[in-house]
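Shown next: my_file-v7.cif, given as mmCIF, C-alpha atoms.
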```cif
data_input
#
loop_
_atom_site.label_atom_id
_atom_site.label_comp_id
_atom_site.auth_asym_id
_atom_site.auth_seq_id
_atom_site.Cartn_x
_atom_site.Cartn_y
_atom_site.Cartn_z
CA MET A 1 0.00 0.00 0.00
CA ILE A 2 1.14 3.53 -0.69
CA GLU A 3 0.49 7.03 0.57
CA LEU A 4 0.17 9.72 -2.08
CA GLY A 5 1.96 13.06 -1.76
CA TYR A 6 2.70 16.21 -3.68
CA THR A 7 5.80 18.08 -4.85
CA LEU A 8 6.29 21.78 -4.12
CA SER A 9 8.58 22.71 -7.02
CA SER A 10 10.78 25.58 -5.85
CA GLU A 11 12.44 25.74 -9.27
CA GLU A 12 9.15 26.71 -10.95
CA PHE A 13 7.31 29.00 -8.54
CA PRO A 14 7.86 31.99 -6.24
CA PRO A 15 7.40 31.48 -2.49
CA LEU A 16 3.83 32.74 -2.10
CA GLU A 17 2.70 30.50 -4.95
CA LEU A 18 4.34 27.53 -3.22
CA VAL A 19 2.47 28.37 -0.02
CA LYS A 20 -0.77 28.49 -2.02
CA HIS A 21 0.03 25.12 -3.61
CA ALA A 22 0.63 23.57 -0.18
CA ARG A 23 -2.84 24.67 0.91
CA MET A 24 -4.33 23.31 -2.32
CA ALA A 25 -2.61 19.97 -1.78
CA GLU A 26 -3.84 19.77 1.81
CA ASP A 27 -7.41 20.62 0.80
CA ALA A 28 -7.27 17.96 -1.91
CA GLY A 29 -6.29 15.28 0.58
CA PHE A 30 -2.59 14.86 -0.06
CA THR A 31 -1.12 13.86 3.29
CA PHE A 32 2.45 15.01 2.69
CA ALA A 33 4.57 17.16 0.39
CA LEU A 34 8.26 17.54 -0.31
CA ILE A 35 9.69 20.92 -1.23
CA SER A 36 12.88 21.20 -3.27
CA ASP A 37 15.88 23.04 -1.80
CA HIS A 38 17.90 24.65 -4.61
CA TYR A 39 20.01 27.76 -5.04
CA HIS A 40 19.50 27.68 -8.81
CA PRO A 41 16.79 26.15 -11.01
CA TRP A 42 17.97 23.43 -13.38
CA VAL A 43 17.34 25.66 -16.41
CA ASP A 44 16.42 29.31 -16.72
CA SER A 45 12.98 28.53 -18.17
CA GLN A 46 11.95 27.17 -14.77
CA GLY A 47 12.52 30.65 -13.47
CA HIS A 48 12.65 30.49 -9.65
CA SER A 49 14.53 29.22 -6.61
CA PRO A 50 13.41 30.84 -3.34
CA PHE A 51 15.06 30.17 0.01
CA VAL A 52 13.34 27.02 1.19
CA TRP A 53 13.43 27.73 4.95
CA SER A 54 11.50 30.98 4.57
CA THR A 55 8.95 29.28 2.32
CA ILE A 56 8.42 26.49 4.86
CA GLY A 57 7.59 29.15 7.46
CA GLY A 58 4.83 30.39 5.19
CA VAL A 59 3.56 26.85 4.66
CA ALA A 60 3.54 26.28 8.42
CA ALA A 61 1.39 29.36 8.97
CA SER A 62 -1.04 28.45 6.18
CA THR A 63 -1.67 24.72 6.65
CA GLU A 64 -2.98 22.51 9.43
CA ARG A 65 -2.52 18.84 8.53
CA ILE A 66 -0.15 18.19 5.64
CA ARG A 67 3.34 16.88 6.50
CA ILE A 68 6.20 18.81 4.90
CA GLY A 69 9.73 17.66 4.17
CA THR A 70 12.68 18.99 2.26
CA GLY A 71 13.24 17.14 -0.97
CA VAL A 72 16.14 17.40 -0.48
CA THR A 73 18.55 19.56 1.50
CA CYS A 74 22.31 19.22 1.06
CA PRO A 75 23.71 19.95 4.55
CA THR A 76 27.37 19.70 3.60
CA MET A 77 28.69 22.70 1.62
CA ARG A 78 26.40 25.62 0.85
CA ILE A 79 25.14 25.69 4.46
CA HIS A 80 27.01 24.24 7.45
CA PRO A 81 25.20 21.29 9.07
CA ALA A 82 25.00 23.16 12.40
CA ILE A 83 22.89 25.83 10.68
CA ILE A 84 20.73 23.21 8.97
CA ALA A 85 20.18 21.61 12.37
CA GLN A 86 18.84 24.90 13.75
CA ALA A 87 16.73 25.66 10.65
CA ALA A 88 15.14 22.22 10.60
CA ALA A 89 14.50 22.27 14.35
CA THR A 90 12.72 25.63 14.00
CA CYS A 91 10.58 24.36 11.10
CA ALA A 92 9.67 21.27 13.11
CA ALA A 93 8.68 23.49 16.05
CA MET A 94 6.38 25.43 13.70
CA LEU A 95 4.98 22.20 12.21
CA PRO A 96 4.69 20.00 15.31
CA GLY A 97 4.73 16.35 14.29
CA ARG A 98 4.51 17.16 10.59
CA PHE A 99 7.99 18.12 9.42
CA PHE A 100 10.80 15.85 8.27
CA LEU A 101 14.27 16.66 7.00
CA GLY A 102 15.21 15.14 3.67
CA VAL A 103 18.96 15.22 2.97
CA GLY A 104 21.28 14.22 0.16
CA THR A 105 24.77 14.68 -1.22
CA GLY A 106 23.66 17.56 -3.45
CA GLU A 107 24.52 18.83 -6.89
CA ASN A 108 27.32 21.08 -8.07
CA LEU A 109 24.58 23.33 -9.51
CA ASN A 110 23.71 24.54 -6.02
CA GLU A 111 26.74 23.86 -3.86
CA HIS A 112 29.58 25.48 -5.83
CA ILE A 113 28.41 29.01 -5.02
CA THR A 114 30.62 29.50 -1.93
CA GLY A 115 33.75 28.63 -3.93
CA GLU A 116 34.48 25.26 -2.35
CA ARG A 117 35.85 22.47 -4.53
CA TRP A 118 33.18 20.02 -5.66
CA PRO A 119 34.27 16.66 -4.22
CA SER A 120 33.88 13.14 -5.55
CA ALA A 121 30.76 11.09 -4.84
CA ASN A 122 32.58 9.00 -2.21
CA VAL A 123 33.71 12.10 -0.35
CA ARG A 124 30.25 13.64 -0.57
CA ARG A 125 28.77 10.56 1.09
CA GLU A 126 31.36 10.80 3.87
CA MET A 127 30.52 14.47 4.33
CA LEU A 128 26.82 13.67 4.52
CA GLU A 129 27.38 10.99 7.13
CA GLU A 130 29.30 13.40 9.36
CA ALA A 131 26.73 16.17 8.75
CA VAL A 132 23.83 13.94 9.83
CA TRP A 133 25.77 12.97 12.97
CA ILE A 134 26.23 16.66 13.82
CA ILE A 135 22.56 17.43 13.25
CA ARG A 136 21.42 14.59 15.50
CA LYS A 137 23.94 15.54 18.18
CA LEU A 138 22.73 19.14 18.20
CA TRP A 139 19.14 17.94 18.38
CA SER A 140 20.00 16.26 21.68
CA GLY A 141 20.02 19.74 23.24
CA GLU A 142 23.55 19.28 24.51
CA ASN A 143 26.44 21.68 24.12
CA VAL A 144 28.41 20.36 21.14
CA ASP A 145 32.11 20.60 20.37
CA HIS A 146 33.18 18.65 17.33
CA GLU A 147 36.42 18.43 15.38
CA GLY A 148 35.72 16.14 12.46
CA SER A 149 37.11 15.21 9.09
CA PHE A 150 35.06 17.91 7.37
CA TYR A 151 33.42 20.13 9.99
CA GLN A 152 34.10 22.02 13.17
CA VAL A 153 31.43 22.86 15.71
CA VAL A 154 32.47 24.99 18.67
CA ASP A 155 30.34 25.43 21.81
CA ALA A 156 27.04 25.15 19.93
CA ARG A 157 23.67 24.41 21.48
CA ILE A 158 20.20 24.56 19.95
CA TYR A 159 17.68 25.90 22.43
CA THR A 160 14.47 25.77 20.39
CA LEU A 161 13.89 22.07 19.90
CA PRO A 162 10.63 20.48 18.75
CA ASP A 163 8.83 17.60 20.39
CA PRO A 164 8.91 15.21 18.67
CA LEU A 165 12.20 15.65 16.84
CA PRO A 166 11.89 15.36 13.05
CA GLU A 167 12.91 12.26 11.18
CA ILE A 168 15.79 12.41 8.72
CA TYR A 169 15.25 10.76 5.34
CA VAL A 170 18.22 10.26 3.04
CA ALA A 171 18.10 10.50 -0.76
CA ALA A 172 19.69 7.83 -2.93
CA SER A 173 19.75 7.05 -6.63
CA GLY A 174 22.36 4.29 -6.48
CA GLU A 175 23.17 1.35 -4.26
CA HIS A 176 26.09 2.93 -2.37
CA ALA A 177 23.97 5.93 -1.38
CA ALA A 178 21.09 3.59 -0.50
CA GLU A 179 23.35 1.65 1.85
CA LEU A 180 24.31 4.89 3.60
CA ALA A 181 20.63 5.85 3.80
CA GLY A 182 19.87 2.54 5.49
CA GLU A 183 22.65 3.08 7.99
CA ILE A 184 22.07 6.72 9.00
CA GLY A 185 18.54 7.59 7.88
CA ASP A 186 15.03 7.15 9.22
CA GLY A 187 13.78 6.67 5.66
CA LEU A 188 14.70 6.66 1.98
CA ILE A 189 13.98 9.20 -0.77
CA GLY A 190 14.30 8.12 -4.41
CA VAL A 191 13.45 9.54 -7.82
CA ALA A 192 12.95 6.33 -9.79
CA PRO A 193 11.15 3.02 -9.14
CA ALA A 194 14.46 1.21 -8.66
CA LYS A 195 14.01 -2.06 -6.78
CA ASN A 196 17.78 -2.52 -6.36
CA VAL A 197 17.99 0.81 -4.49
CA VAL A 198 15.20 -0.23 -2.12
CA GLN A 199 16.83 -3.62 -1.57
CA ALA A 200 20.21 -2.05 -0.79
CA PHE A 201 18.53 0.35 1.63
CA GLU A 202 16.72 -2.43 3.44
CA ALA A 203 19.78 -4.69 3.60
CA ALA A 204 21.81 -1.88 5.23
CA GLY A 205 19.35 -1.28 8.07
CA GLY A 206 16.37 0.29 6.34
CA ARG A 207 13.93 -2.59 6.65
CA GLY A 208 10.63 -1.31 8.02
CA LYS A 209 11.55 2.34 7.46
CA PRO A 210 9.49 4.54 5.08
CA LYS A 211 10.51 4.77 1.43
CA TYR A 212 9.53 7.85 -0.58
CA GLY A 213 9.65 7.96 -4.37
CA GLN A 214 9.14 11.02 -6.59
CA LEU A 215 7.09 10.65 -9.76
CA THR A 216 7.33 13.49 -12.30
CA VAL A 217 4.33 14.03 -14.57
CA CYS A 218 2.90 16.70 -16.83
CA TRP A 219 -0.87 16.67 -17.00
CA ALA A 220 -2.61 18.70 -19.70
CA LYS A 221 -5.87 18.37 -21.59
CA ASP A 222 -4.05 16.63 -24.43
CA GLU A 223 -0.81 14.70 -24.64
CA ALA A 224 0.82 16.96 -27.23
CA SER A 225 0.45 20.01 -24.98
CA ALA A 226 1.80 18.08 -22.02
CA ARG A 227 4.84 16.86 -23.94
CA LYS A 228 5.54 20.42 -25.14
CA THR A 229 5.33 21.83 -21.60
CA ALA A 230 7.50 19.06 -20.15
CA TYR A 231 10.17 19.57 -22.81
CA GLU A 232 10.20 23.36 -22.45
CA ILE A 233 10.17 23.52 -18.64
CA TRP A 234 11.74 20.25 -17.47
CA PRO A 235 14.20 19.12 -20.19
CA ASN A 236 16.65 18.08 -17.45
CA ALA A 237 14.51 14.95 -17.03
CA GLY A 238 16.18 13.60 -20.15
CA ILE A 239 19.72 14.14 -18.84
CA THR A 240 20.86 10.82 -17.45
CA GLY A 241 23.88 9.54 -15.54
CA GLU A 242 26.19 11.65 -13.40
CA LEU A 243 25.76 14.95 -15.27
CA SER A 244 22.93 16.10 -12.98
CA ALA A 245 25.31 16.09 -10.02
CA GLU A 246 28.31 17.53 -11.86
CA LEU A 247 27.16 20.42 -14.07
CA PRO A 248 27.59 23.77 -12.26
CA LEU A 249 25.25 26.23 -14.02
CA PRO A 250 21.73 26.34 -15.48
CA ARG A 251 23.16 27.24 -18.88
CA HIS A 252 25.17 24.02 -18.84
CA PHE A 253 21.94 22.07 -18.31
CA GLU A 254 20.41 24.05 -21.17
CA GLN A 255 23.35 23.10 -23.40
CA ALA A 256 23.04 19.44 -22.43
CA SER A 257 19.29 19.61 -22.99
CA LYS A 258 19.85 20.46 -26.64
CA MET A 259 20.97 16.86 -27.06
CA VAL A 260 17.70 15.67 -25.51
CA SER A 261 14.47 15.28 -27.50
CA ALA A 262 10.87 15.62 -26.38
CA ASP A 263 10.66 11.82 -26.68
CA ASP A 264 13.61 11.46 -24.28
CA VAL A 265 11.87 13.67 -21.71
CA ALA A 266 8.58 11.79 -22.13
CA LYS A 267 10.35 8.55 -21.21
CA ASP A 268 10.81 9.89 -17.67
CA VAL A 269 7.85 12.28 -17.40
CA VAL A 270 4.34 10.87 -17.66
CA CYS A 271 2.63 13.20 -20.14
CA GLY A 272 -1.03 13.77 -20.85
CA PRO A 273 -4.54 13.03 -19.57
CA ASP A 274 -4.62 9.23 -19.72
CA PRO A 275 -5.11 8.15 -16.09
CA GLN A 276 -3.84 4.65 -16.82
CA LYS A 277 -0.36 5.98 -17.64
CA HIS A 278 -0.20 7.75 -14.29
CA ILE A 279 -1.57 4.74 -12.42
CA GLU A 280 0.91 2.42 -14.16
CA GLN A 281 3.86 4.52 -12.95
CA ILE A 282 2.52 4.74 -9.39
CA ARG A 283 2.20 0.97 -9.36
CA LYS A 284 5.81 0.64 -10.53
CA TYR A 285 6.93 2.48 -7.40
CA ALA A 286 4.76 0.27 -5.23
CA ASN A 287 6.11 -2.87 -6.91
CA ALA A 288 9.67 -1.63 -6.35
CA GLY A 289 8.98 -1.41 -2.62
CA PHE A 290 8.16 2.28 -2.11
CA ASP A 291 5.33 3.00 0.32
CA HIS A 292 5.08 6.76 -0.37
CA VAL A 293 4.84 8.37 -3.83
CA TYR A 294 4.94 12.14 -4.20
CA VAL A 295 3.91 13.53 -7.57
CA HIS A 296 5.59 16.46 -9.29
CA GLN A 297 3.38 18.24 -11.83
CA VAL A 298 5.55 20.13 -14.33
CA GLY A 299 4.20 23.48 -15.43
CA PRO A 300 1.84 26.18 -14.23
CA ASP A 301 -1.47 24.27 -14.12
CA GLN A 302 -1.27 22.80 -10.64
CA GLN A 303 -5.02 23.06 -10.01
CA GLY A 304 -5.84 21.23 -13.23
CA PHE A 305 -3.45 18.45 -12.22
CA ILE A 306 -5.02 18.19 -8.74
CA ASP A 307 -8.53 18.04 -10.18
CA PHE A 308 -7.44 15.35 -12.65
CA TYR A 309 -5.92 13.18 -9.93
CA GLN A 310 -8.95 13.61 -7.69
CA ARG A 311 -11.37 12.81 -10.48
CA GLU A 312 -9.62 10.13 -12.52
CA VAL A 313 -6.51 8.71 -10.86
CA VAL A 314 -7.16 8.22 -7.16
CA PRO A 315 -10.51 6.45 -7.55
CA GLN A 316 -8.79 3.83 -9.71
CA LEU A 317 -5.92 3.22 -7.29
CA GLY A 318 -8.34 1.40 -4.98
CA ASP A 319 -6.74 -0.77 -2.33
CA LEU A 320 -3.26 0.37 -3.37
CA LEU A 321 -3.81 3.57 -1.36
CA VAL A 322 -3.69 3.74 2.42
CA GLU A 323 -7.14 3.65 3.96
CA ARG A 324 -7.38 7.29 5.04
CA GLN A 325 -6.69 8.46 1.49
CA ARG A 326 -9.15 5.99 -0.03
CA LYS A 327 -11.86 7.37 2.21
CA ARG A 328 -11.12 10.96 1.16
CA ARG A 329 -10.50 10.09 -2.48
CA VAL A 330 -7.45 12.24 -2.38
CA ALA A 331 -6.05 14.37 -5.02
#
```
Spell out the structure here as structure tokens.
Amino acid sequence: MIELGYTLSSEEFPPLELVKHARMAEDAGFTFALISDHYHPWVDSQGHSPFVWSTIGGVAASTERIRIGTGVTCPTMRIHPAIIAQAAATCAAMLPGRFFLGVGTGENLNEHITGERWPSANVRREMLEEAVWIIRKLWSGENVDHEGSFYQVVDARIYTLPDPLPEIYVAASGEHAAELAGEIGDGLIGVAPAKNVVQAFEAAGGRGKPKYGQLTVCWAKDEASARKTAYEIWPNAGITGELSAELPLPRHFEQASKMVSADDVAKDVVCGPDPQKHIEQIRKYANAGFDHVYVHQVGPDQQGFIDFYQREVVPQLGDLLVERQRKRRVA
């Protein structure tokens, strides 16, 4: 069984629009949402990238039930993990029992801005492991002094701590990252229905922990319009392999996207108004072992997407959905 969630796409919308979308998602019956944490959008046509921690404050003041998590924060370079620990604790205090911290090793696109050298994937995983340790230690409420391989923390204590403390979910797209997620995380975040990633996560200590998968779609009244919107706004979906972590600027993604066709994008973005195509992809995540699927609608028509899911997708998911969402016929 799965729980259905929503994506707040910081790359595509200004902060007040994201707050509005969070309210729309809550009203529609989505039980959780993940909000992206970027310094830059992937490509300039996406157009936005507000500071996620301020936006979450607005969401906290405007919603009552929906759970919110970062999808995902890189707590290793752009912002020191001690600062992330304080920011996340404050958000959790504003969203009691309904905030979680999603973390990952990041992308050069966002993390190069302070001038630090972009490290290898192995080093980034080591940095993330130490960063998560620091965050958890600071969340104990103790005074923390730490001299580590990558970070220093000197006489730091967080005074505003939530009850309960938020969970930390770790993003992974490959098996090595999934193993780390199983070891240090309270849950897994993935962006593809990859059974091998789920299996590696569970084998490394993640068995029984929640597993979140992001599904990117582009609903429109006809498939041709959806494919056009997806290709114009989210061409980075067609960029595969390690490039997404390594390219430093939106214009580099735009250059790489010129080698990607609309057909390439449509392979990874469900396009159009056929509910069966959306349902098929949701089931792929469930079959891979994910128990939470959060849907990212590309483009400006978020309300149309929500209405479509409420009217034509959710009723056909049946017993695949958790009971509370079946009763509400969520989004």
Output the residue selection produced by the PyMOL selection byres ((chain A and resi 4) around 8) on the file above, formatted as a short mmCIF file (atom, residue, chain, number, x, y, z; two decimals) with C-alpha atoms, keeping the file's coordinate frame.
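To be explicit, this is the file written out as selection-v3.cif:
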```cif
data_model
loop_
_atom_site.label_atom_id
_atom_site.label_comp_id
_atom_site.auth_asym_id
_atom_site.auth_seq_id
_atom_site.Cartn_x
_atom_site.Cartn_y
_atom_site.Cartn_z
CA ILE A 2 1.14 3.53 -0.69
CA GLU A 3 0.49 7.03 0.57
CA GLY A 5 1.96 13.06 -1.76
CA TYR A 6 2.70 16.21 -3.68
CA PHE A 30 -2.59 14.86 -0.06
CA THR A 31 -1.12 13.86 3.29
CA PHE A 32 2.45 15.01 2.69
CA HIS A 292 5.08 6.76 -0.37
CA VAL A 293 4.84 8.37 -3.83
CA TYR A 294 4.94 12.14 -4.20
CA VAL A 295 3.91 13.53 -7.57
CA LEU A 321 -3.81 3.57 -1.36
CA GLN A 325 -6.69 8.46 1.49
#
```
- [ ] Name the residues that the PyMOL selection byres ((chain A and resi 318) around 12) pulls out of this structure, and write them as a PyMOL selection string.
- [x] chain A and resi 1-3+279+283+312-317+319-330
Task: Straight-line distance linking atom CA of A:Val52 with atom CA of A:Ala171, stated in Å to one decimal - done: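 Between atom CA of A:Val52 and atom CA of A:Ala171 the gap is 17.3 Å.
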TODO: Determine the nearest neighbour of A:Gly241 from the options A:Thr73, A:Gly174, A:Phe100, A:Asn122, counting all atoms listed in the file.
DONE: A:Gly174
Pull the closest atom pair for each residue of stretch 150-176 of chain A that gets at most 12 Å from stretch 77-86 of chain A, along with the distance in Å to one decimal, counting all atoms listed in the file, ordering rows by chain and then ascending residue number, as a tab-separated table.
```
residue	atom	partner	partner_atom	distance
A:Phe150	CA	A:Met77	CA	9.8
A:Tyr151	CA	A:His80	CA	8.0
A:Gln152	CA	A:Ala82	CA	9.2
A:Val153	CA	A:Ala82	CA	7.2
A:Val154	CA	A:Ala82	CA	9.9
A:Asp155	CA	A:Ala82	CA	11.1
A:Ala156	CA	A:Ala82	CA	8.1
A:Arg157	CA	A:Gln86	CA	9.1
A:Ile158	CA	A:Gln86	CA	6.4
A:Tyr159	CA	A:Gln86	CA	8.8
A:Thr160	CA	A:Gln86	CA	8.0
A:Leu161	CA	A:Gln86	CA	8.4
A:Pro162	CA	A:Gln86	CA	10.6
A:Leu165	CA	A:Ala85	CA	10.9
A:Pro166	CA	A:Ala85	CA	10.4
A:Glu167	CA	A:Ala85	CA	11.9
A:Ile168	CA	A:Ala85	CA	10.8
```
- [ ] Would you mind listing what lies within 9 Å of A:Pro235 as JSON, numbers by chain, with all atoms listed in the file counted and same-chain residues fewer than 6 positions away left out?
- [x] {"A": [42, 43, 253, 254, 257, 258, 260, 261, 262, 264, 265]}
May I have the selected residues written with C-alpha atoms, as a JSON list (two decimals), in the frame of the given file?
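Generated file (again-v4.json):
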```json
[["chain", "number", "residue", "atom", "x", "y", "z"],
["A", 42, "TRP", "CA", 17.97, 23.43, -13.38],
["A", 43, "VAL", "CA", 17.34, 25.66, -16.41],
["A", 253, "PHE", "CA", 21.94, 22.07, -18.31],
["A", 254, "GLU", "CA", 20.41, 24.05, -21.17],
["A", 257, "SER", "CA", 19.29, 19.61, -22.99],
["A", 258, "LYS", "CA", 19.85, 20.46, -26.64],
["A", 260, "VAL", "CA", 17.70, 15.67, -25.51],
["A", 261, "SER", "CA", 14.47, 15.28, -27.50],
["A", 262, "ALA", "CA", 10.87, 15.62, -26.38],
["A", 264, "ASP", "CA", 13.61, 11.46, -24.28],
["A", 265, "VAL", "CA", 11.87, 13.67, -21.71]]
```
Open item on the list: For this structure, which residues satisfy the selection - the PyMOL selection byres ((chain A and resi 46) around 10) - when it is evaluated on the file as given? I want them as a ChimeraX atom specification.
Closed with: /A:9-13,40-45,47-49,232-235,250,298-299
- [ ] Go ahead and compute the interatomic distance for atom CA of A:Lys228 and atom CA of A:Phe308, in Å to one decimal.
- [x] 18.7 Å
Task: Straight-line distance linking atom CA of A:Glu179 with atom CA of A:Lys195, stated in Å to one decimal - done: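 Distance between the two atoms: 13.2 Å.
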Task: Shell around A:Glu64 at 9 Å using all atoms listed in the file, local window under 4 positions removed, as a ChimeraX atom specification - done: /A:23,26,60,95
Task: Pick from A:Val270, A:Leu249, A:Ala25, A:Leu243, whichever lies nearest to A:Arg227 using only C-alpha atoms - done: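 Using only C-alpha atoms, A:Arg227 sits closest to A:Val270.
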Task: Test item: residues at most 6 Å from A:Gly69, only C-alpha atoms, excluding those fewer than 6 positions along its chain, as a ChimeraX atom specification - done: /A:34,99-101
- [ ] Skip A:Ser62 itself and residues of its chain fewer than 2 positions away, then list as a list in words all residues within 12 Å of it, counting all atoms listed in the file.
- [x]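 My reading of the contact set: Leu16, Glu17, Leu18, Val19, Lys20, His21, Ala22, Arg23, Met24, Ala25, Glu26, Asp27, Thr55, Ile56, Gly57, Gly58, Val59, Ala60, Glu64, Arg65, Ile66, Met94 and Leu95 of chain A.
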Task: Closest of A:Ala28, A:Ala200, A:Thr240, A:Ala177 to A:Arg311 - atom-to-atom distances counting all atoms listed in the file - done: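 Closest residue, counting all atoms listed in the file: A:Ala28.
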Open item on the list: I want to know what sits within 10 Å of A:Ala121, based on all atoms listed in the file, with residues of the same chain fewer than 2 positions away left out; could you give that as a ChimeraX atom specification?
Closed with: /A:105-106,118-119,123-127,176-177,242,245-246
Task: Best match for closeness to A:Ser244 among A:Ala204, A:Tyr309, A:Ala172, A:Leu109, counting only C-alpha atoms - done: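 Among the listed residues, A:Leu109 lies closest to A:Ser244.
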Please build the interface table for stretch 65-162 of chain A against stretch 182-190 of chain A with a cut-off of 8 Å, listing for each qualifying residue the nearest atom pair and the distance in Å to one decimal; count all atoms listed in the file, order rows by chain and increasing number, and write it as JSON lines.
```
{"residue": "A:Gly71", "atom": "CA", "partner": "A:Ile189", "partner_atom": "CA", "distance": 8.0}
{"residue": "A:Gly102", "atom": "CA", "partner": "A:Ile189", "partner_atom": "CA", "distance": 7.5}
{"residue": "A:Glu129", "atom": "CA", "partner": "A:Ile184", "partner_atom": "CA", "distance": 7.1}
{"residue": "A:Val132", "atom": "CA", "partner": "A:Ile184", "partner_atom": "CA", "distance": 7.5}
```
Print the selection's residues with C-alpha atoms to a file, as a PDB file, keeping the file's coordinate frame.
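Dumped everything to selection-v5.pdb:
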```
ATOM      1  CA  GLY A  71      13.240  17.140  -0.970  1.00  0.00           C
ATOM      2  CA  GLY A 102      15.210  15.140   3.670  1.00  0.00           C
ATOM      3  CA  GLU A 129      27.380  10.990   7.130  1.00  0.00           C
ATOM      4  CA  VAL A 132      23.830  13.940   9.830  1.00  0.00           C
TER       5      VAL A 132
END
```
Open item on the list: Considering all atoms listed in the file, can you say which of A:Ala92, A:Ala266, A:Gly272, A:Ile239 comes closest to A:Glu223?
Closed with: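 For A:Glu223, the nearest of the given residues is A:Gly272.
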Open item on the list: Could you check the closest approach to A:Asp222 for each of A:Val144, A:Cys271, A:Ala286, A:Ile68 and tell me which residue wins, using all atoms listed in the file?
Closed with: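 The shortest atom-to-atom distance to A:Asp222 comes from A:Cys271.
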